[in-house]
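Trainee: Following this message is one structure expressed as structure tokens.
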Amino acid sequence: MTLRKVIYTPDGALVTGEGGRLDRLRSVSERFARTSELVWCLFIRDFSGRYRQSILGIAWALILPLATVGVFLLMNRSGLVTLGEVGVPYPVYAMTGLTYWTLFATGVSACASCLINASSMLAKINFTRSALVFSAAAQGGVEFLIRGLLTGAVFVSFGSTPHSLALALLCTLPLFLFTLAVGFILAIVGSLLRDIINALGTLLAGLLILTPILYPVAAGSPLATLNTYNPINYLIGFPRELILYGTASMLAAFLASATFSVLLLLVGWRLFCVAQTRVVERI
Amino acid sequence: MSEEPLISVERLGKKFGKSLKHNMLYGVADLTRDFLGQSRRGATLREGEFWSLEDINFQVRRGECLGIIGPNGAGKSTLLKLLNGIIAPDQGRVEIAHRVGALIEVGAGFHPMLTGRENIFVNGAILGMSKEEIGKKFDAIVDFADIGAFIDSPVKHYSSGMYVRLGFAIAAQVEPDVLLIDEVLAVGDAGFRSKCYNCIGHLASRCAIVFVSHAMAAISRLSTRVLVLDHGRAVFHGQPPEAISCYHRLFDARVQPSRQGLGTARIHSVEFIDASGRKVRSIRQGQPLGVRLAVYSQVAITNVCLDLVFVSLADEVVAECNSQLSGMSIDLMANREIQVLALIDSFSLNAGDYRLSALVLSADMVTHYDWQKDVASLEVCADRVGVAGQQYRAQWTIEERASMDSKEAR
């Protein structure tokens, strides 16, 4: 058996010594299995590490989303929200949107700082670094599931029933891919230019207000025009309409946004691959 | 050995930026170029950049251990990072076996809140082991780390020794083709260090080792060849004893003599001489050494004390030769120079480079007439470097060779 070797040159790394195509396929699938195991390990490490040494422990994962539900119920009772007709009780509308938004916002912010948080490890160990981004994006996924359950409870308490749930969940995938894509790009750019991480919280808050997530946007308004070019609008709006009304109006735009997400993911992935060693030496 | 090398490094170069701002700007520029698939213009230095490593060439085969030594900032750690694939070269190439183990600040990636047990699995996965693999080696890891009941405590409660032991135990289980070691043997107690040596000795026959250390004793024990780096360049590549003395000579140029004291009596010259009276700057360990001093005084001083102090590279005072303590009485006359010779029968300091400070003191050793720091330097040569500062060349005799039977009979 020939020895597998790696060649590092200024133009990147190259693995040699793999025999035929079958051998290469096996090594790729082996690497994939290892990486997914690593992603899982890192995810569990961060998730369970975060809630240690706190009295409430894992309950924290529920408390913050519960607080949001409380706020919306209170706003609804007080009649504060008069944002126009959405066809369903407002808390149901807002919570559904917010659940999707969480997937994006939590995932993206975790990705943006994941390389910097692991800087000591990156500087000393050679491992599959993309695992850090995947496991950070998975945090968004978990937050999404937890909020999803609570939103289900809100549905029940208002006597609403979700439509086409399975299809809507399937249509969440493009949003996750979009999150990963932005995550890969921010992980790289954010660790070179720390400004991005400082500004990210504000940027996300602004984006949440500009995107029709907590309220519908009146057709023809400047905000609506702006949102025509906002992929998140469709990536969240489409599955939400499926859940709330059973039909969705923006199929073409959703498909275009999904395609855009896939392309952006390819770009982000390539950026990450070519840039990772550059970034590690500057972290 | 006819086997192909496990590591081969050709014309390897790496540059870094001096300031954070340059780093950031060049980083973005390089990234853009990489992303667009343009080749890097790695060979030229941009403003504010310097070569951290330049034109490094070597090969390491299975069973060999390459020691890397050099002053701080010579590029040793950069070289290990390049070999490990953590950073990419700007010039040349590194060809290295796929399975690389690294004992470089072990324990990186531990989560302080998780227990030792949990961290073993996470860290193992980071180092590329599968869950079954770690499961199989779990007992060996715990055994090696020797942390007993603490295995289920969060690692933030570990002592620094336990932390390193656990990290080393995991890293040592990787079974690599190439092992990179950076100064890990400097930590831990004696028991752990002996374990580490045994572990490395066990791996040495099966893999190629690259070993960075400031401990010359460890370098002289483990290395089959040594590369000496200085300011990013290879200044020597060869056998350990020559390499170690080359490393020592690097410091000679950096020694800055300094002078304090009243100045009424002064040491005019200091030289080392060997048994035959020749002036030398290096001697074999265990040979006689003479130190010849010329001392001039403006005033008469009775019963003056001449003191010679030997200081190691690590700035430790390792030996002293004091005329008062030797019971020698020396008187200085006004405006006269005297020549003094101090002869040491068998100069038995550990192999290494030493600087000499010479002092002229009053009889009670309180008044300092002259105090010359680093006035001369001396190299002590030996085939092997010992651990302790003093190396006694004892007379070794075997007095009895008892058989197992007679021992048991007792």
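Chain lettering (A, B, ...) mirrors the order of the structure tokens, residue numbering begins at 1 for each chain separately, and ligand numbering begins at 1 in order of display.
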Within 12 Å of range 164-168 of chain A, counting only C-alpha atoms, which residues show up once you throw out same-chain ones fewer than 5 positions away? Write them as an MDAnalysis selection string, please.
Mentor: chainID A and resid 96 100 148 152 173:175 235:248
Trainee: How would the residues just chosen look if you wrote them out with C-alpha atoms as a short mmCIF file (atom, residue, chain, number, x, y, z; two decimals), in the first residue's frame?
Mentor:
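Here's the written file out-v5.cif:
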data_model
loop_
_atom_site.label_atom_id
_atom_site.label_comp_id
_atom_site.auth_asym_id
_atom_site.auth_seq_id
_atom_site.Cartn_x
_atom_site.Cartn_y
_atom_site.Cartn_z
CA THR A 96 -44.10 31.60 13.35
CA TYR A 100 -37.82 31.01 11.22
CA GLY A 148 -41.06 25.59 16.91
CA GLY A 152 -47.01 24.86 18.38
CA LEU A 173 -34.09 23.76 4.05
CA PRO A 174 -33.24 26.65 1.68
CA LEU A 175 -33.24 29.03 4.66
CA LEU A 235 -37.22 32.06 2.42
CA ILE A 236 -39.21 32.82 5.58
CA GLY A 237 -42.43 34.14 4.05
CA PHE A 238 -43.10 31.15 1.83
CA PRO A 239 -42.99 28.38 4.47
CA ARG A 240 -44.86 30.61 6.89
CA GLU A 241 -47.71 31.16 4.46
CA LEU A 242 -47.82 27.41 3.94
CA ILE A 243 -48.22 26.86 7.66
CA LEU A 244 -50.64 29.69 8.34
CA TYR A 245 -52.86 29.55 5.26
CA GLY A 246 -52.05 26.28 3.50
CA THR A 247 -51.20 28.11 0.26
CA ALA A 248 -48.39 30.44 -0.67
#
Trainee: Show me, as a PyMOL selection string, the residues that have an atom within 10 Å of range 237-247 of chain B when counting only C-alpha atoms, minus same-chain residues fewer than 2 positions from it.
Mentor: chain B and resi 57-58+66-71+216-217+219-230+234-235+249-252+282+351-353+379-385
Trainee: Could the residues in this selection be saved with C-alpha atoms as a compact mmCIF listing (two decimals), in the first residue's frame?
Mentor:
# COMPACT_ATOMS: atom_id res chain seq x y z
CA ASN B 57 15.36 22.10 3.31
CA PHE B 58 15.39 18.72 5.04
CA LEU B 66 15.08 15.74 13.82
CA GLY B 67 15.72 18.16 16.64
CA ILE B 68 15.13 21.84 15.97
CA ILE B 69 16.89 24.44 18.08
CA GLY B 70 17.43 28.15 17.88
CA PRO B 71 17.04 31.36 19.87
CA MET B 216 19.76 20.62 25.15
CA ALA B 217 19.74 17.48 27.28
CA ILE B 219 17.76 17.35 22.18
CA SER B 220 20.97 15.40 22.67
CA ARG B 221 19.06 12.34 23.90
CA LEU B 222 16.29 12.13 21.36
CA SER B 223 17.63 13.60 18.14
CA THR B 224 19.42 11.69 15.43
CA ARG B 225 20.05 14.96 13.58
CA VAL B 226 19.60 18.59 14.55
CA LEU B 227 18.65 21.67 12.55
CA VAL B 228 19.74 25.01 13.99
CA LEU B 229 17.60 27.99 13.05
CA ASP B 230 18.48 31.64 13.45
CA ALA B 234 19.02 27.18 8.73
CA VAL B 235 22.51 27.90 10.03
CA ARG B 249 27.92 30.21 19.44
CA LEU B 250 24.83 32.09 18.22
CA PHE B 251 24.66 33.69 21.63
CA ASP B 252 28.30 34.83 21.72
CA SER B 282 36.21 26.04 24.39
CA ALA B 351 28.16 20.75 28.12
CA GLY B 352 27.04 24.19 27.07
CA ASP B 353 27.98 27.82 26.73
CA GLU B 379 32.09 26.60 25.67
CA VAL B 380 32.22 23.23 27.38
CA CYS B 381 32.11 20.39 24.83
CA ALA B 382 30.97 16.82 25.37
CA ASP B 383 29.42 14.12 23.19
CA ARG B 384 26.23 14.16 25.21
CA VAL B 385 24.50 16.88 27.17
Trainee: Quick one: which residues from chain A are at most 9 Å off chain B, using only C-alpha atoms, as a PyMOL selection string?
Mentor: chain A and resi 3-13+15-16+33-35+37-38+41-42+44-46+48-50+52-53+118+120-128+189+192-193+270-271+274-282
Trainee: Taking C-alpha atoms for each residue, export the selection above as a PDB file, in the first residue's frame.
Mentor:
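Writing the result to selection_37.pdb gives the following:
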ATOM      1  CA  LEU A   3       1.620   5.873   1.887  1.00  0.00           C
ATOM      2  CA  ARG A   4      -0.938   8.652   1.796  1.00  0.00           C
ATOM      3  CA  LYS A   5       0.792  12.009   1.823  1.00  0.00           C
ATOM      4  CA  VAL A   6      -0.167  15.640   1.869  1.00  0.00           C
ATOM      5  CA  ILE A   7       1.714  18.271  -0.078  1.00  0.00           C
ATOM      6  CA  TYR A   8       1.483  21.842   1.127  1.00  0.00           C
ATOM      7  CA  THR A   9       2.460  24.551  -1.348  1.00  0.00           C
ATOM      8  CA  PRO A  10       1.654  28.264  -1.559  1.00  0.00           C
ATOM      9  CA  ASP A  11      -1.247  27.303  -3.835  1.00  0.00           C
ATOM     10  CA  GLY A  12      -2.908  24.982  -1.346  1.00  0.00           C
ATOM     11  CA  ALA A  13      -2.844  21.433  -0.043  1.00  0.00           C
ATOM     12  CA  VAL A  15      -3.427  14.696  -1.002  1.00  0.00           C
ATOM     13  CA  THR A  16      -1.450  12.048  -2.893  1.00  0.00           C
ATOM     14  CA  ALA A  33     -18.096  10.334   8.314  1.00  0.00           C
ATOM     15  CA  ARG A  34     -15.258  11.677  10.489  1.00  0.00           C
ATOM     16  CA  THR A  35     -16.306  15.246   9.881  1.00  0.00           C
ATOM     17  CA  GLU A  37     -18.849  12.889  13.907  1.00  0.00           C
ATOM     18  CA  LEU A  38     -16.685  15.893  14.721  1.00  0.00           C
ATOM     19  CA  CYS A  41     -19.031  16.299  19.057  1.00  0.00           C
ATOM     20  CA  LEU A  42     -18.358  20.031  18.803  1.00  0.00           C
ATOM     21  CA  ILE A  44     -22.654  18.690  21.958  1.00  0.00           C
ATOM     22  CA  ARG A  45     -19.571  20.218  23.574  1.00  0.00           C
ATOM     23  CA  ASP A  46     -20.803  23.774  23.036  1.00  0.00           C
ATOM     24  CA  SER A  48     -23.887  21.159  27.018  1.00  0.00           C
ATOM     25  CA  GLY A  49     -20.938  23.326  28.065  1.00  0.00           C
ATOM     26  CA  ARG A  50     -23.034  26.466  27.774  1.00  0.00           C
ATOM     27  CA  ARG A  52     -23.219  24.033  33.006  1.00  0.00           C
ATOM     28  CA  GLN A  53     -22.702  25.916  36.244  1.00  0.00           C
ATOM     29  CA  ALA A 118     -11.745  28.463  18.614  1.00  0.00           C
ATOM     30  CA  SER A 120      -6.313  28.598  20.283  1.00  0.00           C
ATOM     31  CA  MET A 121      -7.426  25.270  18.889  1.00  0.00           C
ATOM     32  CA  LEU A 122      -7.077  26.468  15.290  1.00  0.00           C
ATOM     33  CA  ALA A 123      -3.561  27.647  15.925  1.00  0.00           C
ATOM     34  CA  LYS A 124      -2.421  24.304  17.310  1.00  0.00           C
ATOM     35  CA  ILE A 125      -4.414  21.475  15.799  1.00  0.00           C
ATOM     36  CA  ASN A 126      -4.961  20.584  12.194  1.00  0.00           C
ATOM     37  CA  PHE A 127      -8.538  19.400  11.867  1.00  0.00           C
ATOM     38  CA  THR A 128     -11.468  19.867   9.517  1.00  0.00           C
ATOM     39  CA  VAL A 189     -14.496  37.824   6.720  1.00  0.00           C
ATOM     40  CA  LEU A 192     -10.098  39.111   9.387  1.00  0.00           C
ATOM     41  CA  LEU A 193     -12.165  42.242   9.936  1.00  0.00           C
ATOM     42  CA  ARG A 270     -15.101  27.904  -1.828  1.00  0.00           C
ATOM     43  CA  LEU A 271     -14.184  31.072   0.028  1.00  0.00           C
ATOM     44  CA  VAL A 274      -9.238  28.722  -0.030  1.00  0.00           C
ATOM     45  CA  ALA A 275      -9.107  31.163   2.863  1.00  0.00           C
ATOM     46  CA  GLN A 276      -8.965  29.003   5.966  1.00  0.00           C
ATOM     47  CA  THR A 277      -5.181  28.761   6.373  1.00  0.00           C
ATOM     48  CA  ARG A 278      -4.807  32.468   5.566  1.00  0.00           C
ATOM     49  CA  VAL A 279      -7.273  33.240   8.301  1.00  0.00           C
ATOM     50  CA  VAL A 280      -5.786  30.866  10.862  1.00  0.00           C
ATOM     51  CA  GLU A 281      -2.395  32.563  10.653  1.00  0.00           C
ATOM     52  CA  ARG A 282      -4.020  35.944  11.247  1.00  0.00           C
TER      53      ARG A 282
END
Trainee: In Å, how far is it from CA of Ile147 in chain B to CA of Met162 in chain B?
Mentor: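 It comes out at 6.5 Å.
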Trainee: I'd like to know which of B:Val299, B:Ala363, B:Ile344, B:Val174 is closest to Gln285 in chain B, using only C-alpha atoms.
Mentor: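 Looking at the shortest contact to Gln285 in chain B, the residue is B:Ile344.
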Trainee: Give me the residues near range 191-206 of chain B as a CSV table (one decimal) with N, CA and C atoms, in the first residue's frame, where near means some atom within 9 Å (using only C-alpha atoms) and where sequence neighbours in that chain fewer than 4 positions away do not count.
Mentor:
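This is the output file part_2.csv:
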chain,number,residue,atom,x,y,z
B,62,ARG,N,11.4,7.4,8.5
B,62,ARG,CA,10.9,6.6,9.7
B,62,ARG,C,12.1,6.2,10.6
B,63,GLY,N,11.9,6.4,11.9
B,63,GLY,CA,12.9,6.0,12.8
B,63,GLY,C,13.9,7.1,13.1
B,64,GLU,N,13.8,8.2,12.4
B,64,GLU,CA,14.7,9.4,12.6
B,64,GLU,C,14.0,10.4,13.5
B,65,CYS,N,14.8,11.2,14.2
B,65,CYS,CA,14.2,12.2,15.0
B,65,CYS,C,15.1,13.5,14.7
B,144,PHE,N,-2.7,6.5,31.4
B,144,PHE,CA,-1.5,7.3,31.1
B,144,PHE,C,-1.6,8.6,31.8
B,145,ALA,N,-2.8,9.2,31.8
B,145,ALA,CA,-3.0,10.6,32.3
B,145,ALA,C,-2.9,10.5,33.9
B,161,GLY,N,-0.8,20.5,35.7
B,161,GLY,CA,-0.2,19.2,35.4
B,161,GLY,C,-1.2,18.2,34.9
B,165,ARG,N,-1.3,16.4,31.3
B,165,ARG,CA,-1.2,14.9,31.3
B,165,ARG,C,-2.3,14.4,30.4
B,168,PHE,N,-1.8,15.2,26.7
B,168,PHE,CA,-0.7,14.4,26.2
B,168,PHE,C,-1.2,13.0,26.0
B,172,ALA,N,-1.1,11.2,22.4
B,172,ALA,CA,-0.2,10.1,22.3
B,172,ALA,C,-0.8,8.9,21.7
B,175,GLU,N,-1.3,7.3,17.2
B,175,GLU,CA,-0.5,6.4,16.4
B,175,GLU,C,-0.2,7.0,15.0
B,176,PRO,N,0.6,8.1,15.0
B,176,PRO,CA,0.9,8.8,13.8
B,176,PRO,C,2.1,8.2,13.0
B,177,ASP,N,2.2,8.6,11.8
B,177,ASP,CA,3.4,8.3,11.0
B,177,ASP,C,4.5,9.4,11.3
B,178,VAL,N,4.0,10.6,11.6
B,178,VAL,CA,4.9,11.7,11.9
B,178,VAL,C,4.5,12.3,13.2
B,179,LEU,N,5.4,12.6,14.1
B,179,LEU,CA,5.1,13.1,15.4
B,179,LEU,C,5.8,14.5,15.5
B,184,VAL,N,6.8,20.1,25.0
B,184,VAL,CA,5.9,19.6,26.0
B,184,VAL,C,6.6,19.0,27.2
B,185,LEU,N,7.8,18.5,27.0
B,185,LEU,CA,8.5,17.8,28.0
B,185,LEU,C,8.9,18.7,29.2
B,186,ALA,N,8.8,20.0,28.9
B,186,ALA,CA,9.2,21.0,29.9
B,186,ALA,C,8.2,21.0,31.1
B,187,VAL,N,7.0,20.5,30.9
B,187,VAL,CA,6.0,20.6,32.0
B,187,VAL,C,5.9,19.2,32.7
B,222,LEU,N,17.3,12.6,22.3
B,222,LEU,CA,16.3,12.1,21.4
B,222,LEU,C,16.7,12.2,19.9
Trainee: Could you check how far CA of Gly290 in chain B sits from CA of Leu325 in chain B, in Å to one decimal?
Mentor: 17.3 Å
Trainee: When DSSP is applied to the backbone of this structure, which of range 49-224 of chain A are assigned helix (DSSP H, G or I)? Write them out as number ranges by chain.
Mentor: A: 49-50, 57-77, 90-117, 119-122, 130-157, 165-170, 173-192, 195-210, 222-224
Trainee: Quick one, how far is CA of Glu316 in chain B from CA of Ser346 in chain B?
Mentor: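 These atoms are spaced 20.7 Å apart.
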Trainee: Got a sec: who's within 9 Å of Asn230 in chain A, counting only C-alpha atoms, leaving out chain neighbours fewer than 4 positions off, as a ChimeraX atom specification?
Mentor: /A:211,226,234,257
Trainee: Using only C-alpha atoms, which residues sit within 12 Å of Ala319 in chain B once same-chain residues fewer than 3 positions away are excluded, as a tab-separated table (two decimals) with C-alpha atoms, in the first residue's frame?
Mentor:
chain	number	residue	atom	x	y	z
B	307	ASP	CA	35.76	36.32	42.18
B	308	LEU	CA	34.94	34.47	38.95
B	309	VAL	CA	31.28	33.62	38.34
B	310	PHE	CA	30.05	31.32	35.58
B	311	VAL	CA	26.55	32.02	34.24
B	312	SER	CA	24.63	29.70	31.91
B	315	ASP	CA	21.03	33.19	33.18
B	316	GLU	CA	21.57	30.82	36.08
B	322	ASN	CA	36.57	32.74	44.62
B	344	ILE	CA	40.69	24.49	37.97
B	347	PHE	CA	36.21	21.72	34.75
B	348	SER	CA	33.06	19.64	35.03
B	349	LEU	CA	30.17	21.91	34.10
B	350	ASN	CA	27.52	20.39	31.84
B	354	TYR	CA	28.84	29.95	29.73
B	355	ARG	CA	29.57	33.60	30.31
B	356	LEU	CA	32.09	34.73	32.86
B	357	SER	CA	31.67	37.65	35.24
B	389	GLY	CA	24.59	21.71	35.76
B	390	GLN	CA	27.52	19.78	37.28
B	391	GLN	CA	28.75	16.60	35.64
